[in-house]
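**Q** One file is attached below, structure.cif, containing mmCIF, C-alpha atoms.
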data_target
loop_
_atom_site.label_atom_id
_atom_site.label_comp_id
_atom_site.auth_asym_id
_atom_site.auth_seq_id
_atom_site.Cartn_x
_atom_site.Cartn_y
_atom_site.Cartn_z
CA MET A 1 31.21 -18.60 2.12
CA THR A 2 31.66 -16.79 -1.17
CA GLU A 3 30.89 -13.12 -1.31
CA ARG A 4 31.41 -10.99 -4.38
CA GLN A 5 30.58 -7.36 -4.87
CA VAL A 6 28.77 -6.48 -8.11
CA ASP A 7 27.71 -3.15 -9.51
CA PRO A 8 23.97 -2.54 -8.86
CA MET A 9 23.72 -0.33 -11.93
CA THR A 10 24.77 -3.10 -14.32
CA THR A 11 23.37 -6.12 -12.47
CA ARG A 12 20.00 -7.43 -13.62
CA PHE A 13 17.83 -10.46 -12.88
CA ASP A 14 16.31 -12.25 -15.85
CA GLY A 15 14.84 -15.16 -13.91
CA PRO A 16 11.34 -15.55 -12.49
CA ALA A 17 10.06 -12.55 -10.53
CA PRO A 18 8.98 -13.54 -6.99
CA GLU A 19 7.00 -10.28 -6.58
CA VAL A 20 4.68 -11.24 -9.41
CA GLY A 21 4.07 -14.65 -7.81
CA ILE A 22 3.29 -13.04 -4.44
CA SER A 23 1.08 -10.41 -6.04
CA ASN A 24 -0.86 -13.01 -8.07
CA ASP A 25 -1.28 -15.06 -4.92
CA MET A 26 -2.66 -12.07 -3.01
CA ILE A 27 -5.00 -11.16 -5.87
CA LYS A 28 -6.40 -14.72 -5.91
CA ARG A 29 -6.91 -14.63 -2.15
CA GLY A 30 -8.42 -11.15 -2.40
CA LEU A 31 -10.94 -12.38 -4.95
CA ILE A 32 -11.79 -15.30 -2.66
CA VAL A 33 -12.54 -13.09 0.37
CA ALA A 34 -14.08 -10.22 -1.63
CA PRO A 35 -17.68 -11.52 -1.40
CA LEU A 36 -17.36 -11.80 2.39
CA LEU A 37 -16.01 -8.25 2.74
CA ILE A 38 -18.66 -6.87 0.41
CA ALA A 39 -21.37 -8.67 2.37
CA VAL A 40 -20.09 -7.28 5.69
CA CYS A 41 -20.01 -3.74 4.28
CA ALA A 42 -23.48 -4.23 2.79
CA VAL A 43 -24.82 -5.20 6.21
CA ILE A 44 -23.21 -2.17 7.91
CA TRP A 45 -23.56 0.55 5.24
CA GLY A 46 -26.17 -0.86 2.85
CA ALA A 47 -25.93 -1.02 -0.94
CA ASP A 48 -23.61 2.02 -1.10
CA GLY A 49 -21.28 0.21 1.30
CA ALA A 50 -21.26 -2.87 -0.93
CA TRP A 51 -20.33 -0.86 -4.05
CA SER A 52 -17.73 1.13 -2.16
CA SER A 53 -16.25 -2.02 -0.70
CA ALA A 54 -15.96 -3.61 -4.15
CA TYR A 55 -14.27 -0.44 -5.41
CA GLY A 56 -11.87 -0.45 -2.43
CA ILE A 57 -10.92 -4.08 -3.04
CA ALA A 58 -10.27 -3.30 -6.72
CA ILE A 59 -8.01 -0.39 -5.71
CA VAL A 60 -5.98 -2.56 -3.30
CA LEU A 61 -5.56 -5.44 -5.77
CA ALA A 62 -4.60 -3.10 -8.61
CA ASN A 63 -2.10 -1.43 -6.28
CA PHE A 64 -0.44 -4.79 -5.50
CA ALA A 65 -0.34 -5.76 -9.17
CA LEU A 66 1.13 -2.40 -10.21
CA ALA A 67 3.77 -2.52 -7.46
CA ALA A 68 4.85 -6.04 -8.45
CA GLY A 69 4.86 -5.22 -12.16
CA LEU A 70 6.99 -2.11 -11.65
CA ILE A 71 9.57 -3.94 -9.52
CA ALA A 72 9.73 -7.00 -11.79
CA GLY A 73 10.02 -4.90 -14.93
CA ALA A 74 12.75 -2.69 -13.51
CA ALA A 75 14.70 -5.66 -12.07
CA ARG A 76 15.05 -7.03 -15.63
CA ILE A 77 16.91 -3.84 -16.55
CA SER A 78 19.05 -3.21 -13.46
CA ILE A 79 18.65 -3.38 -9.69
CA GLY A 80 19.65 0.28 -9.47
CA LEU A 81 16.66 1.11 -11.65
CA MET A 82 14.55 -1.20 -9.50
CA MET A 83 15.36 1.00 -6.50
CA ALA A 84 14.31 4.12 -8.37
CA ALA A 85 11.18 2.44 -9.72
CA THR A 86 10.19 1.32 -6.23
CA LEU A 87 10.60 4.78 -4.70
CA PHE A 88 8.93 6.73 -7.50
CA GLY A 89 6.42 3.93 -7.93
CA TYR A 90 5.38 4.51 -4.32
CA LEU A 91 4.66 8.17 -5.07
CA ILE A 92 2.92 7.37 -8.35
CA ARG A 93 0.74 4.70 -6.76
CA LEU A 94 -0.26 7.01 -3.89
CA GLY A 95 -1.20 9.60 -6.50
CA LEU A 96 -3.22 7.05 -8.48
CA ILE A 97 -5.08 5.91 -5.35
CA PHE A 98 -5.86 9.55 -4.55
CA LEU A 99 -7.09 10.08 -8.10
CA ALA A 100 -9.23 6.92 -7.98
CA VAL A 101 -10.93 8.13 -4.79
CA PHE A 102 -11.14 11.77 -5.90
CA LEU A 103 -12.96 10.84 -9.11
CA VAL A 104 -15.76 9.03 -7.27
CA LYS A 105 -15.95 11.00 -4.01
CA ASP A 106 -19.19 12.73 -5.02
CA ALA A 107 -20.77 9.72 -6.71
CA SER A 108 -24.20 8.73 -5.43
CA TRP A 109 -23.12 5.16 -4.64
CA ILE A 110 -19.99 5.95 -2.64
CA SER A 111 -19.71 5.51 1.13
CA LEU A 112 -16.34 6.88 2.23
CA PRO A 113 -16.19 5.08 5.63
CA ALA A 114 -16.85 1.77 3.85
CA LEU A 115 -14.25 2.53 1.19
CA GLY A 116 -11.60 3.57 3.74
CA SER A 117 -12.11 0.65 6.07
CA THR A 118 -12.12 -1.82 3.15
CA ILE A 119 -8.82 -0.42 1.83
CA ILE A 120 -7.10 -0.81 5.22
CA VAL A 121 -8.60 -4.20 6.12
CA THR A 122 -8.00 -5.75 2.67
CA HIS A 123 -4.44 -4.44 2.37
CA LEU A 124 -3.34 -5.57 5.85
CA GLY A 125 -5.36 -8.79 5.83
CA LEU A 126 -3.93 -10.01 2.52
CA LEU A 127 -0.42 -9.09 3.62
CA PHE A 128 -0.63 -11.01 6.88
CA TRP A 129 -2.15 -13.99 5.02
CA GLU A 130 0.67 -13.96 2.46
CA MET A 131 3.31 -13.39 5.12
CA LYS A 132 2.30 -16.63 6.80
CA PHE A 133 2.85 -18.49 3.52
CA VAL A 134 6.18 -16.76 2.80
CA ALA A 135 7.49 -17.23 6.35
CA LEU A 136 6.68 -20.95 6.25
CA SER A 137 8.27 -21.31 2.79
CA LEU A 138 11.50 -19.61 3.86
CA ALA A 139 11.80 -21.23 7.29
CA HIS A 140 10.78 -24.78 6.28
CA PRO A 141 11.19 -25.21 2.49
CA GLY A 142 10.38 -28.92 2.81
CA LEU A 143 7.00 -28.12 4.35
CA LYS A 144 6.18 -25.42 1.80
CA PRO A 145 2.39 -24.94 1.84
CA ASP A 146 0.33 -24.85 -1.33
CA ARG A 147 -0.19 -21.51 -3.02
CA ALA A 148 -3.72 -20.11 -3.24
CA MET B 1 -13.22 18.92 21.09
CA GLU B 2 -11.77 21.66 23.29
CA ALA B 3 -9.65 22.79 20.37
CA PHE B 4 -12.74 23.05 18.15
CA SER B 5 -14.61 24.94 20.90
CA ALA B 6 -11.71 27.36 21.21
CA LEU B 7 -11.68 27.70 17.43
CA VAL B 8 -15.41 28.45 17.33
CA ALA B 9 -15.03 31.06 20.12
CA ALA B 10 -12.12 32.69 18.28
CA ALA B 11 -14.08 32.66 15.03
CA ASP B 12 -17.03 34.32 16.80
CA GLU B 13 -14.78 37.03 18.15
CA ALA B 14 -13.23 37.63 14.73
CA GLY B 15 -16.65 37.74 13.07
CA VAL B 16 -16.01 34.62 10.96
CA ASP B 17 -18.68 31.96 10.45
CA PRO B 18 -17.81 29.11 12.93
CA ALA B 19 -18.77 26.48 10.31
CA ASP B 20 -16.27 28.00 7.87
CA ALA B 21 -13.59 28.04 10.56
CA LYS B 22 -14.28 24.40 11.39
CA ASN B 23 -14.12 23.39 7.70
CA THR B 24 -10.87 25.27 7.28
CA ALA B 25 -9.37 23.52 10.32
CA ALA B 26 -10.56 20.12 9.04
CA ALA B 27 -9.04 20.78 5.61
CA ALA B 28 -5.71 21.80 7.15
CA SER B 29 -5.72 18.75 9.43
CA ALA B 30 -6.48 16.50 6.46
CA GLY B 31 -3.52 17.93 4.57
CA TYR B 32 -1.22 17.37 7.54
CA ALA B 33 -2.57 13.82 8.04
CA TYR B 34 -1.83 12.82 4.43
CA GLY B 35 1.47 14.69 4.12
CA LEU B 36 2.96 13.56 7.42
CA ALA B 37 1.71 9.99 6.93
CA ALA B 38 3.50 9.78 3.57
CA ILE B 39 6.89 10.98 4.88
CA GLY B 40 7.58 8.07 7.26
CA PRO B 41 6.81 5.29 4.76
CA GLY B 42 8.83 7.17 2.12
CA ILE B 43 11.90 7.10 4.37
CA GLY B 44 11.15 3.50 5.36
CA ILE B 45 10.79 2.26 1.77
CA GLY B 46 13.94 4.10 0.71
CA TYR B 47 15.94 2.52 3.51
CA LEU B 48 14.41 -0.93 2.93
CA VAL B 49 15.03 -0.97 -0.82
CA GLY B 50 18.53 0.50 -0.43
CA LYS B 51 19.53 -2.26 1.96
CA SER B 52 17.90 -4.91 -0.25
CA VAL B 53 19.82 -3.72 -3.31
CA GLU B 54 22.99 -3.78 -1.25
CA ALA B 55 22.22 -7.39 -0.19
CA MET B 56 21.42 -8.45 -3.77
CA ALA B 57 24.63 -6.87 -5.07
CA ARG B 58 26.61 -8.69 -2.40
CA GLN B 59 24.92 -12.07 -2.83
CA PRO B 60 23.10 -12.32 -6.19
CA GLU B 61 22.31 -15.99 -5.53
CA ALA B 62 20.04 -14.91 -2.61
CA ALA B 63 18.24 -12.31 -4.72
CA GLY B 64 14.97 -14.28 -4.92
CA MET B 65 14.63 -14.49 -1.15
CA VAL B 66 15.66 -10.85 -0.69
CA ARG B 67 13.15 -9.65 -3.29
CA THR B 68 10.37 -11.70 -1.70
CA THR B 69 10.90 -10.20 1.74
CA MET B 70 11.54 -6.77 0.23
CA PHE B 71 8.20 -6.78 -1.56
CA LEU B 72 6.33 -7.75 1.60
CA GLY B 73 8.26 -5.12 3.57
CA ILE B 74 7.35 -2.44 1.04
CA ALA B 75 3.68 -3.42 1.19
CA PHE B 76 3.65 -3.36 5.00
CA THR B 77 5.38 0.02 5.11
CA GLU B 78 2.93 1.34 2.54
CA ALA B 79 0.05 0.33 4.80
CA LEU B 80 1.00 3.27 7.06
CA ALA B 81 0.61 5.68 4.16
CA LEU B 82 -2.73 4.10 3.27
CA ILE B 83 -3.98 4.58 6.83
CA GLY B 84 -2.98 8.26 6.61
CA PHE B 85 -4.76 8.47 3.26
CA VAL B 86 -7.95 7.01 4.69
CA VAL B 87 -7.83 9.52 7.58
CA PHE B 88 -7.38 12.22 4.93
CA ILE B 89 -10.41 11.20 2.87
CA LEU B 90 -12.56 10.87 5.98
CA LEU B 91 -11.55 14.33 7.26
CA LYS B 92 -11.69 16.05 3.89
CA PHE B 93 -14.59 14.50 2.02
CA ALA B 94 -16.81 12.70 4.56
#
Go ahead and express the file in the form of structure tokens.

**A**
Amino acid sequence: MTERQVDPMTTRFDGPAPEVGISNDMIKRGLIVAPLLIAVCAVIWGADGAWSSAYGIAIVLANFALAAGLIAGAARISIGLMMAATLFGYLIRLGLIFLAVFLVKDASWISLPALGSTIIVTHLGLLFWEMKFVALSLAHPGLKPDRA
Amino acid sequence: MEAFSALVAAADEAGVDPADAKNTAAAASAGYAYGLAAIGPGIGIGYLVGKSVEAMARQPEAAGMVRTTMFLGIAFTEALALIGFVVFILLKFA
């Protein structure tokens, strides 16, 4: 087994970015299940629930895309920078989500319970769905399932 | 509920409007919910990414697999912060 120590500050990865692939996969799956989630929220909270649910799904998918883009972009420069970008990216993304909700909190079409529950359900649901794919790919590469 | 009842009684005694006291308590709770919920994931993501960078520096050929699991780990850890955020918006704005 070969093991060599390299400097994280000068090491970079120019190859394909797996985060972007995962993020694109989750966005595709999110768009597939979006009508179902919107319909469920419309039944429970009415038209306001449907709009809020759509807004919540957009926030979650944009959050995934931004996270993947930040990591992939920083990894092309150095993995030390990737670490910084991930940590500060976390703070920036939390701030952006807060801003996105703050800007519409008093809008006539917003239903905060629908928005909140959609954010949690979509985020966790897509992650568990993707985790199943990733776990199968890593454990049994020969039986790798199709991407979304 | 007992805490809110005690708060209302205390507000009555102090001559403060109970509704104002309740709103103040809800606003403070919302701040704590968001702030405390963000600390844990912050520590978790820092630890996760630090260890992943260490693994990638040690074995660059396994970087793809490490980055894949790292990204999923970050997203799962971040879910905790999102739950805290949703509690915040429900307490503060709903």

**Q** Give me, as a ChimeraX atom specification, all polymer residues having an atom no more than 8 Å from stretch 49-58 of chain B, counting all atoms listed in the file and skipping those fewer than 5 positions away in the same chain.

**A** /A:3-8,11,79-80,83,86 /B:63,66-67,70

**Q** Would you mind exporting C-alpha atoms of the selected residues as a PDB file, keeping the file's coordinate frame?

**A**
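Okay, this is what ended up in again-v5.pdb:
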ATOM      1  CA  GLU A   3      30.890 -13.120  -1.310  1.00  0.00           C
ATOM      2  CA  ARG A   4      31.410 -10.990  -4.380  1.00  0.00           C
ATOM      3  CA  GLN A   5      30.580  -7.360  -4.870  1.00  0.00           C
ATOM      4  CA  VAL A   6      28.770  -6.480  -8.110  1.00  0.00           C
ATOM      5  CA  ASP A   7      27.710  -3.150  -9.510  1.00  0.00           C
ATOM      6  CA  PRO A   8      23.970  -2.540  -8.860  1.00  0.00           C
ATOM      7  CA  THR A  11      23.370  -6.120 -12.470  1.00  0.00           C
ATOM      8  CA  ILE A  79      18.650  -3.380  -9.690  1.00  0.00           C
ATOM      9  CA  GLY A  80      19.650   0.280  -9.470  1.00  0.00           C
ATOM     10  CA  MET A  83      15.360   1.000  -6.500  1.00  0.00           C
ATOM     11  CA  THR A  86      10.190   1.320  -6.230  1.00  0.00           C
TER      12      THR A  86
ATOM     13  CA  ALA B  63      18.240 -12.310  -4.720  1.00  0.00           C
ATOM     14  CA  VAL B  66      15.660 -10.850  -0.690  1.00  0.00           C
ATOM     15  CA  ARG B  67      13.150  -9.650  -3.290  1.00  0.00           C
ATOM     16  CA  MET B  70      11.540  -6.770   0.230  1.00  0.00           C
TER      17      MET B  70
END

**Q** Show me which bits of chain B are within 12 Å of chain A, counting all atoms listed in the file, as a ChimeraX atom specification.

**A** /B:34-35,37-39,41-94

**Q** Convert the current residue selection to file output with C-alpha atoms, as a PDB file, in the frame of the given file.

**A**
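out_25.pdb was written with the following content:
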ATOM      1  CA  TYR B  34      -1.830  12.820   4.430  1.00  0.00           C
ATOM      2  CA  GLY B  35       1.470  14.690   4.120  1.00  0.00           C
ATOM      3  CA  ALA B  37       1.710   9.990   6.930  1.00  0.00           C
ATOM      4  CA  ALA B  38       3.500   9.780   3.570  1.00  0.00           C
ATOM      5  CA  ILE B  39       6.890  10.980   4.880  1.00  0.00           C
ATOM      6  CA  PRO B  41       6.810   5.290   4.760  1.00  0.00           C
ATOM      7  CA  GLY B  42       8.830   7.170   2.120  1.00  0.00           C
ATOM      8  CA  ILE B  43      11.900   7.100   4.370  1.00  0.00           C
ATOM      9  CA  GLY B  44      11.150   3.500   5.360  1.00  0.00           C
ATOM     10  CA  ILE B  45      10.790   2.260   1.770  1.00  0.00           C
ATOM     11  CA  GLY B  46      13.940   4.100   0.710  1.00  0.00           C
ATOM     12  CA  TYR B  47      15.940   2.520   3.510  1.00  0.00           C
ATOM     13  CA  LEU B  48      14.410  -0.930   2.930  1.00  0.00           C
ATOM     14  CA  VAL B  49      15.030  -0.970  -0.820  1.00  0.00           C
ATOM     15  CA  GLY B  50      18.530   0.500  -0.430  1.00  0.00           C
ATOM     16  CA  LYS B  51      19.530  -2.260   1.960  1.00  0.00           C
ATOM     17  CA  SER B  52      17.900  -4.910  -0.250  1.00  0.00           C
ATOM     18  CA  VAL B  53      19.820  -3.720  -3.310  1.00  0.00           C
ATOM     19  CA  GLU B  54      22.990  -3.780  -1.250  1.00  0.00           C
ATOM     20  CA  ALA B  55      22.220  -7.390  -0.190  1.00  0.00           C
ATOM     21  CA  MET B  56      21.420  -8.450  -3.770  1.00  0.00           C
ATOM     22  CA  ALA B  57      24.630  -6.870  -5.070  1.00  0.00           C
ATOM     23  CA  ARG B  58      26.610  -8.690  -2.400  1.00  0.00           C
ATOM     24  CA  GLN B  59      24.920 -12.070  -2.830  1.00  0.00           C
ATOM     25  CA  PRO B  60      23.100 -12.320  -6.190  1.00  0.00           C
ATOM     26  CA  GLU B  61      22.310 -15.990  -5.530  1.00  0.00           C
ATOM     27  CA  ALA B  62      20.040 -14.910  -2.610  1.00  0.00           C
ATOM     28  CA  ALA B  63      18.240 -12.310  -4.720  1.00  0.00           C
ATOM     29  CA  GLY B  64      14.970 -14.280  -4.920  1.00  0.00           C
ATOM     30  CA  MET B  65      14.630 -14.490  -1.150  1.00  0.00           C
ATOM     31  CA  VAL B  66      15.660 -10.850  -0.690  1.00  0.00           C
ATOM     32  CA  ARG B  67      13.150  -9.650  -3.290  1.00  0.00           C
ATOM     33  CA  THR B  68      10.370 -11.700  -1.700  1.00  0.00           C
ATOM     34  CA  THR B  69      10.900 -10.200   1.740  1.00  0.00           C
ATOM     35  CA  MET B  70      11.540  -6.770   0.230  1.00  0.00           C
ATOM     36  CA  PHE B  71       8.200  -6.780  -1.560  1.00  0.00           C
ATOM     37  CA  LEU B  72       6.330  -7.750   1.600  1.00  0.00           C
ATOM     38  CA  GLY B  73       8.260  -5.120   3.570  1.00  0.00           C
ATOM     39  CA  ILE B  74       7.350  -2.440   1.040  1.00  0.00           C
ATOM     40  CA  ALA B  75       3.680  -3.420   1.190  1.00  0.00           C
ATOM     41  CA  PHE B  76       3.650  -3.360   5.000  1.00  0.00           C
ATOM     42  CA  THR B  77       5.380   0.020   5.110  1.00  0.00           C
ATOM     43  CA  GLU B  78       2.930   1.340   2.540  1.00  0.00           C
ATOM     44  CA  ALA B  79       0.050   0.330   4.800  1.00  0.00           C
ATOM     45  CA  LEU B  80       1.000   3.270   7.060  1.00  0.00           C
ATOM     46  CA  ALA B  81       0.610   5.680   4.160  1.00  0.00           C
ATOM     47  CA  LEU B  82      -2.730   4.100   3.270  1.00  0.00           C
ATOM     48  CA  ILE B  83      -3.980   4.580   6.830  1.00  0.00           C
ATOM     49  CA  GLY B  84      -2.980   8.260   6.610  1.00  0.00           C
ATOM     50  CA  PHE B  85      -4.760   8.470   3.260  1.00  0.00           C
ATOM     51  CA  VAL B  86      -7.950   7.010   4.690  1.00  0.00           C
ATOM     52  CA  VAL B  87      -7.830   9.520   7.580  1.00  0.00           C
ATOM     53  CA  PHE B  88      -7.380  12.220   4.930  1.00  0.00           C
ATOM     54  CA  ILE B  89     -10.410  11.200   2.870  1.00  0.00           C
ATOM     55  CA  LEU B  90     -12.560  10.870   5.980  1.00  0.00           C
ATOM     56  CA  LEU B  91     -11.550  14.330   7.260  1.00  0.00           C
ATOM     57  CA  LYS B  92     -11.690  16.050   3.890  1.00  0.00           C
ATOM     58  CA  PHE B  93     -14.590  14.500   2.020  1.00  0.00           C
ATOM     59  CA  ALA B  94     -16.810  12.700   4.560  1.00  0.00           C
TER      60      ALA B  94
END

**Q** What is the atom CA of A:Ile38-atom CA of A:Ala100 distance in Å, reported with one decimal?

**A**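 About the pair atom CA of A:Ile38 and atom CA of A:Ala100: they are 18.7 Å apart.
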
**Q** Quick one: residues within 12 Å of B:Ala11, all atoms listed in the file counted, chain neighbours fewer than 4 positions away excluded, as a count of residues only?

**A** 15

**Q** Determine, counting only C-alpha atoms, which protein, DNA and RNA residues have an atom within 9 Å of an atom of stretch 44-48 of chain A; residues of the same chain fewer than 5 positions away are not included. Present the result as a list in words.

**A**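 After dropping sequence-adjacent residues, the list is Ala39, Ser53, Ser108, Trp109, Ile110, Ser111, Pro113 and Ala114 of chain A.
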
**Q** Write a file of the just-selected residues containing C-alpha atoms, as a JSON list (two decimals), in the coordinates of the input.

**A**
[["chain", "number", "residue", "atom", "x", "y", "z"],
["A", 39, "ALA", "CA", -21.37, -8.67, 2.37],
["A", 53, "SER", "CA", -16.25, -2.02, -0.70],
["A", 108, "SER", "CA", -24.20, 8.73, -5.43],
["A", 109, "TRP", "CA", -23.12, 5.16, -4.64],
["A", 110, "ILE", "CA", -19.99, 5.95, -2.64],
["A", 111, "SER", "CA", -19.71, 5.51, 1.13],
["A", 113, "PRO", "CA", -16.19, 5.08, 5.63],
["A", 114, "ALA", "CA", -16.85, 1.77, 3.85]]

**Q** In Å, rounded to a single decimal, give me how far atom CA of B:Ala26 is from atom CA of B:Glu13.

**A**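 Distance reported for this atom pair: 19.7 Å.
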
**Q** Figure out the distance between atom CA of A:Leu66 and atom CA of A:Arg93, please, to one decimal in Å.

**A**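 Answer for the atom CA of A:Arg93 to atom CA of A:Leu66 separation: 7.9 Å.
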
**Q** Let me know the residues the PyMOL selection byres ((chain A and resi 30) around 10) catches in the file above, as a PDB file with C-alpha atoms, keeping the file's coordinate frame.

**A**
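Everything below was put into result13.pdb:
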ATOM      1  CA  ASN A  24      -0.860 -13.010  -8.070  1.00  0.00           C
ATOM      2  CA  ASP A  25      -1.280 -15.060  -4.920  1.00  0.00           C
ATOM      3  CA  MET A  26      -2.660 -12.070  -3.010  1.00  0.00           C
ATOM      4  CA  ILE A  27      -5.000 -11.160  -5.870  1.00  0.00           C
ATOM      5  CA  LYS A  28      -6.400 -14.720  -5.910  1.00  0.00           C
ATOM      6  CA  ARG A  29      -6.910 -14.630  -2.150  1.00  0.00           C
ATOM      7  CA  LEU A  31     -10.940 -12.380  -4.950  1.00  0.00           C
ATOM      8  CA  ILE A  32     -11.790 -15.300  -2.660  1.00  0.00           C
ATOM      9  CA  VAL A  33     -12.540 -13.090   0.370  1.00  0.00           C
ATOM     10  CA  ALA A  34     -14.080 -10.220  -1.630  1.00  0.00           C
ATOM     11  CA  PRO A  35     -17.680 -11.520  -1.400  1.00  0.00           C
ATOM     12  CA  LEU A  37     -16.010  -8.250   2.740  1.00  0.00           C
ATOM     13  CA  ILE A  57     -10.920  -4.080  -3.040  1.00  0.00           C
ATOM     14  CA  ALA A  58     -10.270  -3.300  -6.720  1.00  0.00           C
ATOM     15  CA  VAL A  60      -5.980  -2.560  -3.300  1.00  0.00           C
ATOM     16  CA  LEU A  61      -5.560  -5.440  -5.770  1.00  0.00           C
ATOM     17  CA  THR A 122      -8.000  -5.750   2.670  1.00  0.00           C
ATOM     18  CA  HIS A 123      -4.440  -4.440   2.370  1.00  0.00           C
ATOM     19  CA  GLY A 125      -5.360  -8.790   5.830  1.00  0.00           C
ATOM     20  CA  LEU A 126      -3.930 -10.010   2.520  1.00  0.00           C
TER      21      LEU A 126
END
